[in-house]
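Below is final07.tsv, holding TSV, C-alpha atoms (C1' of nucleotides).
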chain	number	residue	atom	x	y	z
A	1	MET	CA	8.93	-0.55	-17.76
A	2	GLU	CA	8.26	2.26	-20.25
A	3	TYR	CA	6.18	5.31	-19.51
A	4	GLU	CA	3.04	4.23	-21.37
A	5	ALA	CA	2.96	0.83	-19.73
A	6	ALA	CA	3.54	2.33	-16.30
A	7	LYS	CA	0.80	4.87	-16.83
A	8	GLU	CA	-1.68	2.22	-17.92
A	9	LYS	CA	-0.77	0.07	-14.98
A	10	PHE	CA	-1.24	2.96	-12.60
A	11	ILE	CA	-4.65	3.81	-14.00
A	12	SER	CA	-5.90	0.26	-13.98
A	13	THR	CA	-4.58	-0.46	-10.49
A	14	TRP	CA	-6.22	2.64	-9.16
A	15	GLY	CA	-9.40	1.75	-11.02
A	16	SER	CA	-9.74	-1.64	-9.42
A	17	LEU	CA	-8.84	-0.29	-6.02
A	18	GLY	CA	-11.70	2.14	-6.44
A	19	THR	CA	-14.23	-0.62	-6.91
A	20	LEU	CA	-13.04	-2.16	-3.69
A	21	TRP	CA	-13.65	1.08	-1.86
A	22	GLY	CA	-17.12	1.85	-3.10
A	23	ILE	CA	-16.05	4.19	-5.86
A	24	ASN	CA	-16.71	3.06	-9.37
A	25	LYS	CA	-14.05	2.14	-11.85
A	26	ALA	CA	-14.44	5.06	-14.23
A	27	MET	CA	-14.45	7.54	-11.39
A	28	ALA	CA	-11.26	6.12	-9.94
A	29	GLN	CA	-9.59	5.98	-13.33
A	30	ILE	CA	-10.39	9.57	-14.14
A	31	GLN	CA	-8.91	10.62	-10.84
A	32	ALA	CA	-5.82	8.51	-11.52
A	33	LEU	CA	-5.38	10.05	-14.94
A	34	LEU	CA	-5.59	13.57	-13.56
A	35	PHE	CA	-3.34	12.65	-10.68
A	36	ILE	CA	-0.39	11.91	-12.93
A	37	SER	CA	-1.19	14.46	-15.59
A	38	THR	CA	1.12	17.46	-15.83
A	39	LYS	CA	-1.77	19.72	-16.82
A	40	PRO	CA	-5.54	19.96	-16.44
A	41	LEU	CA	-7.50	17.85	-18.94
A	42	ALA	CA	-10.70	18.49	-20.86
A	43	THR	CA	-13.59	16.03	-21.22
A	44	GLU	CA	-12.47	15.12	-24.72
A	45	GLU	CA	-8.98	14.17	-23.57
A	46	ILE	CA	-10.29	12.08	-20.70
A	47	MET	CA	-12.66	10.25	-23.05
A	48	GLU	CA	-9.84	9.45	-25.43
A	49	GLU	CA	-7.32	8.34	-22.85
A	50	LEU	CA	-9.70	6.07	-21.00
A	51	LYS	CA	-11.86	5.08	-23.97
A	52	ILE	CA	-15.09	5.89	-22.22
A	53	SER	CA	-18.15	7.75	-23.43
A	54	ARG	CA	-18.94	11.39	-23.04
A	55	GLY	CA	-21.84	10.67	-20.72
A	56	ASN	CA	-19.80	8.45	-18.49
A	57	THR	CA	-17.04	11.02	-18.31
A	58	SER	CA	-19.42	13.82	-17.48
A	59	MET	CA	-21.18	11.96	-14.70
A	60	ASN	CA	-18.07	10.70	-13.04
A	61	VAL	CA	-16.23	13.99	-13.23
A	62	ARG	CA	-19.21	15.57	-11.58
A	63	GLN	CA	-19.08	13.01	-8.81
A	64	LEU	CA	-15.40	13.65	-8.26
A	65	ILE	CA	-16.19	17.34	-7.98
A	66	ASP	CA	-18.92	16.47	-5.48
A	67	TRP	CA	-16.37	14.61	-3.42
A	68	GLY	CA	-14.16	17.68	-3.52
A	69	ILE	CA	-11.32	15.79	-5.17
A	70	VAL	CA	-11.48	17.41	-8.58
A	71	THR	CA	-11.88	21.05	-9.54
A	72	LYS	CA	-12.82	22.84	-12.72
A	73	GLU	CA	-10.06	24.93	-14.16
A	74	LEU	CA	-11.15	27.84	-16.27
A	75	VAL	CA	-8.55	28.60	-18.87
A	76	PRO	CA	-8.87	32.24	-19.98
A	77	GLY	CA	-10.06	32.57	-23.52
A	78	GLU	CA	-11.07	28.90	-23.65
A	79	ARG	CA	-14.65	27.81	-23.80
A	80	ARG	CA	-14.32	24.27	-22.62
A	81	GLU	CA	-13.78	23.18	-19.04
A	82	TYR	CA	-10.57	21.66	-17.84
A	83	PHE	CA	-10.27	19.48	-14.78
A	84	SER	CA	-7.55	18.80	-12.31
A	85	THR	CA	-7.33	16.79	-9.12
A	86	GLU	CA	-5.85	17.55	-5.76
A	87	LYS	CA	-2.17	16.70	-6.12
A	88	ASP	CA	-1.11	16.53	-2.51
A	89	VAL	CA	-1.62	13.02	-1.23
A	90	GLN	CA	-2.05	14.09	2.38
A	91	GLU	CA	-4.80	16.47	1.41
A	92	LEU	CA	-6.34	13.81	-0.82
A	93	ALA	CA	-6.38	11.35	2.05
A	94	ARG	CA	-7.93	13.97	4.29
A	95	ILE	CA	-10.76	14.65	1.86
A	96	ILE	CA	-11.47	10.98	1.25
A	97	ALA	CA	-11.47	10.10	4.94
A	98	LYS	CA	-13.78	12.97	5.73
A	99	GLU	CA	-16.23	12.08	2.99
A	100	ARG	CA	-16.28	8.42	3.86
A	101	SER	CA	-16.95	9.28	7.46
A	102	ARG	CA	-19.79	11.54	6.50
A	103	ARG	CA	-21.35	9.28	3.90
A	104	GLU	CA	-20.85	5.86	5.40
A	105	ILE	CA	-19.70	5.68	8.97
A	106	ARG	CA	-21.91	8.39	10.49
A	107	PRO	CA	-25.19	6.93	9.16
A	108	VAL	CA	-24.27	3.49	10.46
A	109	ILE	CA	-23.46	4.89	13.88
A	110	LYS	CA	-26.83	6.56	13.97
A	111	THR	CA	-28.58	3.32	13.06
A	112	LEU	CA	-26.66	1.33	15.66
A	113	GLU	CA	-27.68	3.82	18.29
A	114	GLU	CA	-31.28	3.44	17.27
A	115	ILE	CA	-31.14	-0.35	17.33
A	116	SER	CA	-29.50	-0.45	20.74
A	117	ARG	CA	-32.55	1.34	22.11
A	118	VAL	CA	-34.74	-1.68	21.27
A	119	LYS	CA	-37.37	-2.38	23.92
A	120	ASP	CA	-35.65	-4.51	26.56
A	121	ASP	CA	-37.99	-7.41	27.27
A	122	GLY	CA	-35.38	-9.08	29.45
A	123	SER	CA	-34.94	-12.09	27.16
A	124	ALA	CA	-31.46	-13.42	26.48
A	125	LYS	CA	-31.66	-12.69	22.77
A	126	THR	CA	-32.72	-9.09	23.30
A	127	ARG	CA	-29.93	-8.63	25.83
A	128	GLU	CA	-27.43	-10.04	23.34
A	129	LEU	CA	-28.66	-7.71	20.59
A	130	ILE	CA	-28.32	-4.71	22.88
A	131	LYS	CA	-24.91	-5.72	24.15
A	132	GLN	CA	-23.44	-6.40	20.72
A	133	THR	CA	-24.98	-3.36	19.09
A	134	LYS	CA	-23.57	-1.14	21.80
A	135	ALA	CA	-20.13	-2.69	21.48
A	136	LEU	CA	-20.16	-2.07	17.75
A	137	HIS	CA	-21.39	1.43	18.28
A	138	ASP	CA	-18.50	2.19	20.58
A	139	LEU	CA	-16.01	0.70	18.21
A	140	ALA	CA	-17.41	2.64	15.27
A	141	GLU	CA	-17.32	5.87	17.26
A	142	THR	CA	-13.72	5.34	18.24
A	143	ALA	CA	-12.66	4.39	14.74
A	144	ASP	CA	-14.48	7.32	13.22
A	145	SER	CA	-13.11	9.75	15.71
A	146	MET	CA	-9.58	8.54	15.09
A	147	LEU	CA	-9.99	8.58	11.35
A	148	ARG	CA	-11.31	12.09	11.29
A	149	LYS	CA	-8.88	13.61	13.68
A	150	VAL	CA	-5.73	11.79	12.69
A	151	VAL	CA	-6.32	12.87	9.15
A	152	ASP	CA	-7.18	16.43	10.02
A	153	GLN	CA	-4.71	19.28	10.36
A	154	LYS	CA	-2.37	17.58	12.69
A	155	GLN	CA	-1.28	14.80	10.40
A	156	HIS	CA	2.32	15.60	10.33
A	157	TRP	CA	3.39	15.50	13.92
A	158	LEU	CA	0.73	13.00	14.79
A	159	THR	CA	1.72	10.47	12.18
A	160	LYS	CA	5.28	10.72	13.28
A	161	SER	CA	4.60	10.47	16.97
A	162	VAL	CA	2.07	7.67	16.66
A	163	LEU	CA	4.45	5.68	14.54
A	164	LYS	CA	7.20	6.24	17.04
A	165	MET	CA	4.95	5.01	19.83
A	166	ILE	CA	3.88	1.81	18.18
A	167	LYS	CA	7.13	0.78	16.55
B	168	MET	CA	-38.79	-0.84	18.49
B	169	GLU	CA	-39.49	-4.54	19.10
B	170	TYR	CA	-36.88	-7.26	19.04
B	171	GLU	CA	-37.76	-8.68	15.63
B	172	ALA	CA	-37.71	-5.28	13.95
B	173	ALA	CA	-34.42	-4.37	15.60
B	174	LYS	CA	-32.87	-7.63	14.57
B	175	GLU	CA	-33.94	-7.22	10.97
B	176	LYS	CA	-32.65	-3.70	10.91
B	177	PHE	CA	-29.34	-4.80	12.31
B	178	ILE	CA	-28.94	-7.53	9.71
B	179	SER	CA	-29.90	-5.34	6.81
B	180	THR	CA	-27.72	-2.43	7.93
B	181	TRP	CA	-24.76	-4.72	8.32
B	182	GLY	CA	-25.55	-6.29	4.97
B	183	SER	CA	-25.43	-3.04	3.06
B	184	LEU	CA	-22.35	-1.88	4.91
B	185	GLY	CA	-20.71	-5.07	3.75
B	186	THR	CA	-21.33	-4.26	0.12
B	187	LEU	CA	-19.66	-0.93	0.65
B	188	TRP	CA	-16.60	-2.63	2.03
B	189	GLY	CA	-16.08	-5.21	-0.63
B	190	ILE	CA	-17.85	-8.03	1.18
B	191	ASN	CA	-21.02	-9.32	-0.37
B	192	LYS	CA	-24.43	-8.89	1.15
B	193	ALA	CA	-25.09	-12.49	2.08
B	194	MET	CA	-21.70	-12.85	3.70
B	195	ALA	CA	-22.21	-9.74	5.80
B	196	GLN	CA	-25.73	-10.77	6.77
B	197	ILE	CA	-24.67	-14.22	7.87
B	198	GLN	CA	-22.00	-12.66	10.05
B	199	ALA	CA	-24.54	-10.21	11.47
B	200	LEU	CA	-26.96	-13.00	12.26
B	201	LEU	CA	-24.31	-15.00	14.09
B	202	PHE	CA	-23.06	-11.90	15.84
B	203	ILE	CA	-26.32	-11.36	17.68
B	204	SER	CA	-27.24	-15.00	18.06
B	205	THR	CA	-27.07	-16.46	21.56
B	206	LYS	CA	-25.95	-19.82	20.18
B	207	PRO	CA	-24.18	-21.30	17.16
B	208	LEU	CA	-26.43	-21.83	14.13
B	209	ALA	CA	-26.62	-24.59	11.53
B	210	THR	CA	-26.87	-24.08	7.77
B	211	GLU	CA	-30.58	-24.81	7.84
B	212	GLU	CA	-31.27	-22.10	10.41
B	213	ILE	CA	-29.20	-19.52	8.54
B	214	MET	CA	-31.07	-20.32	5.32
B	215	GLU	CA	-34.40	-19.88	7.00
B	216	GLU	CA	-33.59	-16.69	8.85
B	217	LEU	CA	-32.08	-14.94	5.84
B	218	LYS	CA	-34.18	-16.63	3.18
B	219	ILE	CA	-31.21	-17.58	1.07
B	220	SER	CA	-30.39	-20.81	-0.70
B	221	ARG	CA	-28.32	-23.66	0.59
B	222	GLY	CA	-25.59	-23.06	-1.96
B	223	ASN	CA	-25.34	-19.41	-1.15
B	224	THR	CA	-25.18	-20.15	2.56
B	225	SER	CA	-22.51	-22.77	2.11
B	226	MET	CA	-20.27	-20.58	-0.05
B	227	ASN	CA	-20.51	-17.53	2.11
B	228	VAL	CA	-20.01	-19.36	5.37
B	229	ARG	CA	-16.91	-20.87	3.87
B	230	GLN	CA	-15.65	-17.41	2.94
B	231	LEU	CA	-16.27	-16.15	6.45
B	232	ILE	CA	-14.26	-19.09	7.76
B	233	ASP	CA	-11.52	-18.19	5.28
B	234	TRP	CA	-11.45	-14.70	6.70
B	235	GLY	CA	-11.11	-16.18	10.16
B	236	ILE	CA	-14.29	-14.50	11.37
B	237	VAL	CA	-16.46	-17.59	11.71
B	238	THR	CA	-15.64	-20.97	13.16
B	239	LYS	CA	-17.25	-24.39	12.95
B	240	GLU	CA	-18.63	-25.64	16.21
B	241	LEU	CA	-18.84	-29.39	16.57
B	242	VAL	CA	-21.68	-30.32	18.86
B	243	PRO	CA	-21.04	-33.78	20.37
B	244	GLY	CA	-23.45	-36.37	19.12
B	245	GLU	CA	-24.68	-34.07	16.33
B	246	ARG	CA	-23.96	-34.75	12.72
B	247	ARG	CA	-24.46	-31.31	11.27
B	248	GLU	CA	-22.09	-28.41	11.59
B	249	TYR	CA	-22.85	-25.34	13.64
B	250	PHE	CA	-21.28	-21.95	13.09
B	251	SER	CA	-20.44	-19.05	15.33
B	252	THR	CA	-18.65	-15.76	14.83
B	253	GLU	CA	-16.05	-13.95	16.86
B	254	LYS	CA	-18.04	-12.04	19.46
B	255	ASP	CA	-15.46	-9.59	20.68
B	256	VAL	CA	-15.60	-6.46	18.53
B	257	GLN	CA	-11.98	-5.53	19.14
B	258	GLU	CA	-10.85	-8.92	17.97
B	259	LEU	CA	-13.22	-8.73	15.02
B	260	ALA	CA	-11.78	-5.37	14.01
B	261	ARG	CA	-8.29	-6.77	14.35
B	262	ILE	CA	-9.03	-9.68	12.05
B	263	ILE	CA	-10.75	-7.54	9.44
B	264	ALA	CA	-8.01	-4.93	9.40
B	265	LYS	CA	-5.35	-7.58	9.06
B	266	GLU	CA	-7.13	-9.34	6.24
B	267	ARG	CA	-7.83	-6.14	4.35
B	268	SER	CA	-4.24	-5.15	4.66
B	269	ARG	CA	-3.09	-8.49	3.36
B	270	ARG	CA	-5.61	-8.80	0.55
B	271	GLU	CA	-5.90	-5.25	-0.66
B	272	ILE	CA	-3.38	-2.78	0.63
B	273	ARG	CA	-0.23	-4.89	0.38
B	274	PRO	CA	-0.73	-5.81	-3.30
B	275	VAL	CA	-1.34	-2.17	-4.19
B	276	ILE	CA	1.79	-1.08	-2.37
B	277	LYS	CA	3.75	-3.65	-4.31
B	278	THR	CA	2.34	-2.41	-7.61
B	279	LEU	CA	3.04	1.22	-6.74
B	280	GLU	CA	6.63	0.33	-5.99
B	281	GLU	CA	6.91	-1.38	-9.33
B	282	ILE	CA	5.41	1.55	-11.21
B	283	SER	CA	7.65	4.07	-9.50
B	284	ARG	CA	10.61	2.22	-10.97
B	285	VAL	CA	9.51	3.15	-14.50
B	286	LYS	CA	12.41	4.02	-16.80
B	287	ASP	CA	13.16	7.69	-16.18
B	288	ASP	CA	13.46	9.29	-19.61
B	289	GLY	CA	13.68	12.73	-18.05
B	290	SER	CA	10.38	13.96	-19.52
B	291	ALA	CA	8.02	16.00	-17.37
B	292	LYS	CA	5.25	13.42	-17.56
B	293	THR	CA	7.53	10.59	-16.49
B	294	ARG	CA	8.84	12.69	-13.63
B	295	GLU	CA	5.28	13.44	-12.54
B	296	LEU	CA	4.33	9.77	-12.64
B	297	ILE	CA	7.32	8.85	-10.52
B	298	LYS	CA	6.76	11.65	-8.05
B	299	GLN	CA	3.08	10.95	-7.56
B	300	THR	CA	3.47	7.21	-7.42
B	301	LYS	CA	6.13	7.54	-4.77
B	302	ALA	CA	3.97	9.91	-2.74
B	303	LEU	CA	1.08	7.48	-2.85
B	304	HIS	CA	3.37	4.64	-1.97
B	305	ASP	CA	4.58	6.45	1.12
B	306	LEU	CA	1.06	7.32	2.17
B	307	ALA	CA	-0.12	3.75	1.68
B	308	GLU	CA	2.81	2.42	3.69
B	309	THR	CA	2.10	4.78	6.53
B	310	ALA	CA	-1.61	4.07	6.53
B	311	ASP	CA	-1.08	0.35	6.37
B	312	SER	CA	1.49	0.39	9.12
B	313	MET	CA	-0.81	2.39	11.36
B	314	LEU	CA	-3.78	0.21	10.59
B	315	ARG	CA	-1.95	-2.98	11.35
B	316	LYS	CA	-0.24	-1.85	14.46
B	317	VAL	CA	-2.96	0.22	16.03
B	318	VAL	CA	-5.30	-2.68	15.69
B	319	ASP	CA	-2.81	-5.23	16.97
B	320	GLN	CA	-2.30	-6.22	20.58
B	321	LYS	CA	-1.87	-2.77	21.94
B	322	GLN	CA	-5.30	-1.43	21.12
B	323	HIS	CA	-6.33	-0.63	24.58
B	324	TRP	CA	-3.73	1.73	25.82
B	325	LEU	CA	-3.06	3.03	22.36
B	326	THR	CA	-6.62	3.96	21.60
B	327	LYS	CA	-6.87	5.75	24.87
B	328	SER	CA	-3.62	7.62	24.56
B	329	VAL	CA	-4.11	8.56	20.94
B	330	LEU	CA	-7.57	9.85	21.65
B	331	LYS	CA	-6.22	11.86	24.52
B	332	MET	CA	-3.55	13.36	22.29
B	333	ILE	CA	-5.83	14.43	19.51
B	334	LYS	CA	-8.75	15.66	21.51
C	335	DT	C1'	-31.49	36.16	-31.46
C	336	DT	C1'	-28.94	32.76	-33.47
C	337	DA	C1'	-25.54	29.50	-33.75
C	338	DA	C1'	-21.57	27.22	-32.30
C	339	DA	C1'	-19.31	24.86	-28.70
C	340	DC	C1'	-19.75	22.70	-25.23
C	341	DT	C1'	-22.09	19.86	-20.97
C	342	DT	C1'	-25.72	17.10	-18.91
C	343	DT	C1'	-29.35	13.79	-18.82
C	344	DC	C1'	-31.40	9.44	-19.23
C	345	DA	C1'	-33.57	5.36	-21.48
C	346	DG	C1'	-31.84	1.40	-23.24
C	347	DT	C1'	-28.06	-1.93	-23.40
C	348	DA	C1'	-24.14	-4.28	-21.71
C	349	DA	C1'	-21.20	-6.09	-18.22
C	350	DT	C1'	-20.62	-7.79	-13.81
C	351	DT	C1'	-21.88	-9.88	-9.63
C	352	DT	C1'	-24.81	-12.63	-6.89
C	353	DT	C1'	-27.99	-16.29	-6.19
C	354	DT	C1'	-30.26	-20.50	-7.03
C	355	DG	C1'	-30.98	-25.38	-7.04
C	356	DA	C1'	-29.97	-29.73	-8.45
C	357	DA	C1'	-26.29	-32.97	-8.85
C	358	DA	C1'	-22.08	-34.59	-7.03
C	359	DG	C1'	-19.37	-35.31	-3.07
C	360	DT	C1'	-18.44	-36.53	1.82
C	361	DT	C1'	-18.96	-38.47	6.30
C	362	DT	C1'	-20.79	-41.47	9.72
C	363	DA	C1'	-23.38	-45.29	11.49
C	364	DT	C1'	-24.82	-49.77	10.89
D	365	DA	C1'	-20.97	-52.04	1.51
D	366	DT	C1'	-25.11	-49.19	1.93
D	367	DA	C1'	-27.83	-45.51	3.09
D	368	DA	C1'	-28.94	-41.46	5.48
D	369	DA	C1'	-27.63	-36.91	6.57
D	370	DC	C1'	-25.33	-33.61	5.51
D	371	DT	C1'	-21.98	-30.20	2.58
D	372	DT	C1'	-20.01	-28.47	-1.66
D	373	DT	C1'	-19.89	-27.34	-6.45
D	374	DC	C1'	-21.17	-25.05	-10.51
D	375	DA	C1'	-23.93	-23.90	-14.70
D	376	DA	C1'	-27.70	-21.21	-15.53
D	377	DA	C1'	-30.80	-17.37	-14.12
D	378	DA	C1'	-31.66	-13.21	-11.74
D	379	DA	C1'	-30.37	-8.97	-9.89
D	380	DT	C1'	-27.57	-5.18	-9.76
D	381	DT	C1'	-24.56	-1.80	-11.49
D	382	DA	C1'	-22.16	0.71	-15.08
D	383	DC	C1'	-21.92	2.55	-19.76
D	384	DT	C1'	-23.37	4.38	-24.12
D	385	DG	C1'	-24.93	7.72	-27.28
D	386	DA	C1'	-28.24	10.63	-28.91
D	387	DA	C1'	-31.18	14.28	-27.54
D	388	DA	C1'	-31.88	18.12	-24.59
D	389	DG	C1'	-29.85	21.80	-22.15
D	390	DT	C1'	-26.57	25.62	-21.33
D	391	DT	C1'	-23.38	29.26	-22.16
D	392	DT	C1'	-20.94	32.55	-24.83
D	393	DA	C1'	-20.00	35.47	-28.66
D	394	DA	C1'	-21.39	38.12	-32.34
Write-out of the structure in structure tokens:
Amino acid sequence: MEYEAAKEKFISTWGSLGTLWGINKAMAQIQALLFISTKPLATEEIMEELKISRGNTSMNVRQLIDWGIVTKELVPGERREYFSTEKDVQELARIIAKERSRREIRPVIKTLEEISRVKDDGSAKTRELIKQTKALHDLAETADSMLRKVVDQKQHWLTKSVLKMIK
Amino acid sequence: MEYEAAKEKFISTWGSLGTLWGINKAMAQIQALLFISTKPLATEEIMEELKISRGNTSMNVRQLIDWGIVTKELVPGERREYFSTEKDVQELARIIAKERSRREIRPVIKTLEEISRVKDDGSAKTRELIKQTKALHDLAETADSMLRKVVDQKQHWLTKSVLKMIK
DNA sequence: TTAAACTTTCAGTAATTTTTGAAAGTTTAT
DNA sequence: ATAAACTTTCAAAAATTACTGAAAGTTTAA
């Protein structure tokens, strides 16, 4: 495979993965483009490479910045803004895990807690709702806690030792 | 909160979570409904509870069966099919993690491998593509391996010991 | 203060995804 | 073989989500 083909494949693979993970296609593709770029890119260059509009580029770059995945690079003497993404995959994973926990898992945990405090009228169906909601709550808490901590500072030794344990 | 309100909240929360995870709303809601039901439900009952069409119900139940999350229950002497979902959350998590690995993570890993074998022309951009693709590949492998094994048989002791380690 | 160079916003449009419902298909009992 | 009771399919419609592009906004330099 030649460079151009490989690059396109990378961007489109990453783009469709994004959709699957609740990130839209353009956003994922911009990140992919920056991820394999050897230098920061300006809006214009992103638009051209991905064949998307200025507005689309602007909004999605902003979202990536919101997520903490992309940063503005100010090139001295240059008016326009350049963008680059976090290049270290471990750090990238850390940021994504943290944001997903905050945006998605935490709110669900809160709702499950609320639901499990439904008025217990003693009926079988109410009991079942309480029981199942609590079980899910516990699972979500455990998963979230693992996600956040595993991915935190201690990745290196932890990854290694966990893998050793379960192999 | 009264039972009916709690139930509706549970179903709608689960429904929107589903969307976020690449499962459609109806599919997630059907699973939610079965999850808190005290008995298996027939198509007709699902339609009524969720106010969705017969076709929609049929297609989404079939998908849930495909995923291995829902099973047909044959009630002796009854013509129609009843459905129930896996009630144990640990088992549910196991199935979902396994399926997501198979359907989503594995194919991406394969593609990343392919891309990282791009013809190395020695240019900086090709080198960057190779380097970054390989880094992502490694990360994905590690994450997938952890996901699959952590969630496998050994959940109990593992969860406990990992949590102890990272706390 | 003006103008050039750029970024952001947002209403309208386009693309995608989900849902419906009626017709076709299947199964079981007689 | 027929019919009743049920399930599945799928083309069309509805709903949702993403994208465009032009106008408005911002920043910097002179």
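Neighbours of DT392 in chain D closer than or equal to 10 Å, with all atoms listed in the file counted and sequence neighbours fewer than 4 positions away skipped, come out as Arg79 of chain A; DA338, DA339 and DC340 of chain C.
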Exercise. Quick one: residues within 9 Å of Ile30 in chain A, only C-alpha atoms (C1' of nucleotides) counted, chain neighbours fewer than 4 positions away excluded, as a PyMOL selection string?
Worked result: chain A and resi 11+15+25-26+34-35+46+50+57+60-61+64
Selection export as a PDB file, in the frame of the given file, atoms kept: C-alpha atoms:
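This went into again15.pdb:
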ATOM      1  CA  ILE A  11      -4.650   3.810 -14.000  1.00  0.00           C
ATOM      2  CA  GLY A  15      -9.400   1.750 -11.020  1.00  0.00           C
ATOM      3  CA  LYS A  25     -14.050   2.140 -11.850  1.00  0.00           C
ATOM      4  CA  ALA A  26     -14.440   5.060 -14.230  1.00  0.00           C
ATOM      5  CA  LEU A  34      -5.590  13.570 -13.560  1.00  0.00           C
ATOM      6  CA  PHE A  35      -3.340  12.650 -10.680  1.00  0.00           C
ATOM      7  CA  ILE A  46     -10.290  12.080 -20.700  1.00  0.00           C
ATOM      8  CA  LEU A  50      -9.700   6.070 -21.000  1.00  0.00           C
ATOM      9  CA  THR A  57     -17.040  11.020 -18.310  1.00  0.00           C
ATOM     10  CA  ASN A  60     -18.070  10.700 -13.040  1.00  0.00           C
ATOM     11  CA  VAL A  61     -16.230  13.990 -13.230  1.00  0.00           C
ATOM     12  CA  LEU A  64     -15.400  13.650  -8.260  1.00  0.00           C
TER      13      LEU A  64
END
Tell me, counting all atoms listed in the file, for each residue of chain B within 12 Å of chain C, which pair of atoms is nearest and how far apart they are in Å to one decimal, in rows ordered by chain and increasing number, as a Markdown table.
| residue | atom | partner | partner_atom | distance |
| --- | --- | --- | --- | --- |
| B:Thr186 | CA | C:DT351 | C1' | 11.3 |
| B:Gly189 | CA | C:DT351 | C1' | 11.7 |
| B:Ile190 | CA | C:DT352 | C1' | 11.6 |
| B:Asn191 | CA | C:DT352 | C1' | 8.2 |
| B:Lys192 | CA | C:DT352 | C1' | 8.9 |
| B:Ala193 | CA | C:DT352 | C1' | 9.0 |
| B:Met194 | CA | C:DT352 | C1' | 11.0 |
| B:Lys218 | CA | C:DT353 | C1' | 11.2 |
| B:Ile219 | CA | C:DT353 | C1' | 8.0 |
| B:Ser220 | CA | C:DT354 | C1' | 6.3 |
| B:Arg221 | CA | C:DG355 | C1' | 8.3 |
| B:Gly222 | CA | C:DT354 | C1' | 7.4 |
| B:Asn223 | CA | C:DT353 | C1' | 6.5 |
| B:Thr224 | CA | C:DT353 | C1' | 10.0 |
| B:Ser225 | CA | C:DT353 | C1' | 11.9 |
| B:Met226 | CA | C:DT353 | C1' | 10.8 |
| B:Asn227 | CA | C:DT352 | C1' | 11.1 |
| B:Gly244 | CA | C:DT362 | C1' | 11.0 |
| B:Glu245 | CA | C:DT362 | C1' | 10.7 |
| B:Arg246 | CA | C:DT362 | C1' | 8.0 |
| B:Arg247 | CA | C:DT361 | C1' | 10.3 |
| B:Glu248 | CA | C:DT361 | C1' | 11.8 |
Hey, list the chain D side of the contact with chain A: 10 Å cut-off, all atoms listed in the file, answer as an mmCIF file with C-alpha atoms (C1' of nucleotides), keeping the file's coordinate frame.
data_model
loop_
_atom_site.group_PDB
_atom_site.id
_atom_site.type_symbol
_atom_site.label_atom_id
_atom_site.label_comp_id
_atom_site.auth_asym_id
_atom_site.auth_seq_id
_atom_site.Cartn_x
_atom_site.Cartn_y
_atom_site.Cartn_z
ATOM 1 C "C1'" DT D 381 -24.560 -1.800 -11.490
ATOM 2 C "C1'" DA D 382 -22.160 0.710 -15.080
ATOM 3 C "C1'" DC D 383 -21.920 2.550 -19.760
ATOM 4 C "C1'" DT D 384 -23.370 4.380 -24.120
ATOM 5 C "C1'" DG D 385 -24.930 7.720 -27.280
ATOM 6 C "C1'" DT D 391 -23.380 29.260 -22.160
ATOM 7 C "C1'" DT D 392 -20.940 32.550 -24.830
#
For this session: Go through A:Ala5, A:Leu33, A:Ala28, A:Leu20 and flag the residue nearest chain B, using only C-alpha atoms for the distances.
Result: A:Leu20
Exercise. Nearest to chain B among A:Gln63, A:Glu49, A:Thr38, A:Glu8, with distances taken over all atoms listed in the file: which residue is it?
Worked result: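 Once distances to chain B are computed over all atoms listed in the file, the minimum belongs to A:Thr38.
Between Glu171 in chain B and the candidates A:Arg102, A:Arg94, A:Lys72, A:Lys125, the tightest atom-to-atom separation, counting all atoms listed in the file, involves A:Lys125.
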Show me, as a Markdown table, the residues of chain B having an atom within 6 Å of chain A, each with the closest atom pair and its distance in Å, using all atoms listed in the file.
| residue | atom | partner | partner_atom | distance |
| --- | --- | --- | --- | --- |
| B:Met168 | CA | A:Val118 | CA | 5.0 |
| B:Glu169 | CA | A:Lys119 | CA | 5.7 |
| B:Ala173 | CA | A:Ile115 | CA | 5.5 |
| B:Leu187 | CA | A:Gly22 | CA | 5.3 |
| B:Gly189 | CA | A:Leu20 | CA | 5.3 |
| B:Ile203 | CA | A:Leu129 | CA | 5.2 |
| B:Ile282 | CA | A:Ala6 | CA | 5.5 |
| B:Val285 | CA | A:Met1 | CA | 5.0 |
| B:Lys286 | CA | A:Glu2 | CA | 5.7 |
| B:Glu295 | CA | A:Ile36 | CA | 5.9 |
| B:Leu296 | CA | A:Ile36 | CA | 5.2 |
Problem set entry | Å distance separating CA of Glu86 in chain A from CA of Thr43 in chain A, one decimal place | 17.4 Å
Problem set entry | Interatomic distance, CA of Pro207 in chain B to CA of Tyr249 in chain B (Å, one decimal) | 5.5 Å
Around range 179-185 of chain B, fit a box with edges along x, y and z, padding it by 4 Å on each side, then list its centre and edge lengths in Å to one decimal as lines of an AutoDock Vina configuration file.
center_x = -25.3
center_y = -4.1
center_z = 5.7
size_x = 17.2
size_y = 12.4
size_z = 13.3
Exercise. By how many Å are CA of Gln31 in chain A and CA of Val70 in chain A apart?
Worked result: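 Distance between the two atoms: 7.6 Å.
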